[in-house]
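Colleague: First the structure, which I've put down as structure tokens, then a few questions once you've had a look.
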Amino acid sequence: MSDEKEIDYSLANPDTLTKYKVAATISEKVLAAVSKLCVAGEKIVTICQKGDKLIEEEVAKVYRTTKLKGKSKPGFSHPTTVSPSSYVTPYTPLTSDSAEANIELQPGEPVKIQLGAQIDGFGSIVCDTIIVPPKDQAEDVVTGRSADLLLATYYANELLLRLMIPPGLLAGGSEEEKAKAAAVKAPTQTKITSLLDKVAKTYECNLVESTTSWLFDRNEIEGKKKIVIAPAEGTKGEGTPEVGEVWGVEMGMSLGSGKVKTIDQRATLLRRTNNTYILKSQTARKTLSTIQSKFGHFPFSLRQLEEEGSDTKYKVGVYEGVRQGVLRQYELVGDKDSAPVARLLTTLAITKNGITKLGAPPALDLSKVQSDKKITDEEILKILEQPLSKNKGKSKNKKKKKPAKKAAGGDDDGEDESDE
């Protein structure tokens, strides 16, 4: 038996959780830095380049100073992407394409920042949506439809996180009461979509079609289980969340219909598949070797291959790799009505104590987002009242945050409670 098979890569191994958390620290730190770079007039490609450089620098520190290297070289779990207002999927332009390279952020548009790091194949991917501030101006209070969009996304995300918790996991009371709570069936994916849609409609928004949360594993961000919200025709999810699993939980919201369309631009985000077809040309094999050594099975940008110093022949290798199914390209998708879209993505572990975030966007500052709409549905409010994890009693002196229910009901002076 090989050493690879002898290592326990599950959450039962404390090193696994540690590696996820180290990756999460990097992802969240870089996300915060990249968010500050997103001001009106800045070129998207420049922001992506700076974000990728920050990830490389932070990962290099871990590689030099810790014993968490493992068998896989630490690096990216997702390149830095910055998606304009109506774009749904991650966008990473090329420096070699002058039209793409000159795209600038516009004041007041919601942009989605997605990126991630991995340690020994354990990846933490995060995504946040921010409203682009004017250049050289302080961040202002968000109002109007932009506020509706941010609040709908935020509360729907908080709701989804709580729906990821297996029934009865956080139940208290007698053993009989705990057993009764555990016997309750997990919500179906149809029920999940129905509940989230209530939040969307409160703010006169719509769920983005086929927003998908995936089961994560080592070197894998699209596992055997998935939750598909507002599924398109012919699309459905598979499985329910369980203790011991890591998920990438995504929420997408639109000011339009929520329906999506393919954007007529080149796909620049790709990923190595598990197919083992031997590519025929030497150029293609060389390109694939570069991809495998630097990115493994995690997503990468064509721009990153350009910046590796590769000649233009890498494009031939990528083309052959996609054609033979060795590489998968992510088509650019946007809102069908070209309406503004917001997205959030959280990497989390489900443990016996509940949800542990392994990389998440920062909590929305509700004092800076003002809407005349509020959630009144009692079923939704009851779920939002629930904690994400068990209180272990370690934070007696920690400032208590307002429950999501109170904030959703219009008391917006605080932030939602979170896991430890």
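Each chain in the structure tokens gets a letter, A, B and so on, in the order shown; residues start at 1 in every chain, and ligands are counted from 1 in the order they appear.
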Need the shell around A:Ser213: protein/DNA/RNA residues with any atom at most 10 Å away, counting only C-alpha atoms. Skip same-chain ones fewer than 4 positions apart. Format as a list in words?

Modeller: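 The contact residues come out as Ile221, Glu222, Gly223, Lys225, Lys226, Ile227, Val228, Ile229, Gly237, Trp247, Gly248, Val249, Glu250, Met251, Leu345, Thr346 and Thr347 of chain A.
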
Colleague: Skipping near chain neighbours, those fewer than 6 positions away, what residues fall within 9 Å of A:Pro362 using only C-alpha atoms, listed as a count of residues only?

Modeller: 3

Colleague: Can you list every residue in stretch 124-166 of chain A that DSSP puts in helix (DSSP H, G or I), as a PyMOL selection string?

Modeller: chain A and resi 144-163

Colleague: Could you check which of A:Asp52, A:Asp97, A:Asp197, A:Glu104 is closest to A:Thr81, using only C-alpha atoms?

Modeller: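 For A:Thr81, the nearest of the given residues is A:Asp52.
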
Colleague: With only C-alpha atoms counted and 10 Å as the cut-off, give the residues of stretch 316-350 of chain A in contact with stretch 143-151 of chain A, each with its shortest interatomic distance in Å and the pair that gives it, as a Markdown table.

Modeller:
| residue | atom | partner | partner_atom | distance |
| --- | --- | --- | --- | --- |
| A:Pro340 | CA | A:Leu149 | CA | 8.3 |
| A:Val341 | CA | A:Leu149 | CA | 7.6 |
| A:Ala342 | CA | A:Leu149 | CA | 6.8 |
| A:Arg343 | CA | A:Leu150 | CA | 9.0 |
| A:Leu344 | CA | A:Leu150 | CA | 9.9 |

Colleague: Using C-alpha atoms, can you export the residues from the last selection as a PDB file, in the first residue's frame?

Modeller:
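Output file result-v1.pdb is given in full below:
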ATOM      1  CA  PRO A 340     -26.763  43.645 -11.461  1.00  0.00           C
ATOM      2  CA  VAL A 341     -25.834  40.406  -9.696  1.00  0.00           C
ATOM      3  CA  ALA A 342     -24.312  39.668  -6.272  1.00  0.00           C
ATOM      4  CA  ARG A 343     -22.589  36.478  -5.139  1.00  0.00           C
ATOM      5  CA  LEU A 344     -21.088  35.123  -1.917  1.00  0.00           C
TER       6      LEU A 344
END

Colleague: Taking into account only C-alpha atoms, which residue in the set A:Ile26, A:Val322, A:Leu105, A:Val39 is nearest to A:Val126?

Modeller: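 Using only C-alpha atoms, A:Val126 sits closest to A:Ile26.
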
Colleague: Distance atom CA of A:Ser10-atom CA of A:Thr240, one decimal place?

Modeller: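 It comes out at 17.8 Å.
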
Colleague: Can you pull out every residue within 6 Å of A:Phe122, counting only C-alpha atoms, but drop anything in the same chain fewer than 2 positions away, and send it as a PyMOL selection string?

Modeller: chain A and resi 20+118-120+218

Colleague: Choose the residue, out of A:Leu195, A:Leu207, A:Ala360, A:Ala181, that has the smallest atom-to-atom separation from A:Val30; count only C-alpha atoms.

Modeller: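 Checking each candidate against A:Val30, we get A:Ala360 as the closest.
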
Colleague: Using only C-alpha atoms, pick whichever of A:Leu11, A:Val199, A:Met253, A:Ile130 has the shortest atom-to-atom distance to A:Glu378.

Modeller: A:Val199

Colleague: State, in Å with one decimal place, the distance from atom CA of A:Gly325 to atom CA of A:Thr268.

Modeller: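 Between atom CA of A:Gly325 and atom CA of A:Thr268 the gap is 16.0 Å.
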
Colleague: Do you have the atom CA of A:Lys112-atom CA of A:Ser35 distance handy?

Modeller: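 Distance between the two atoms: 9.5 Å.
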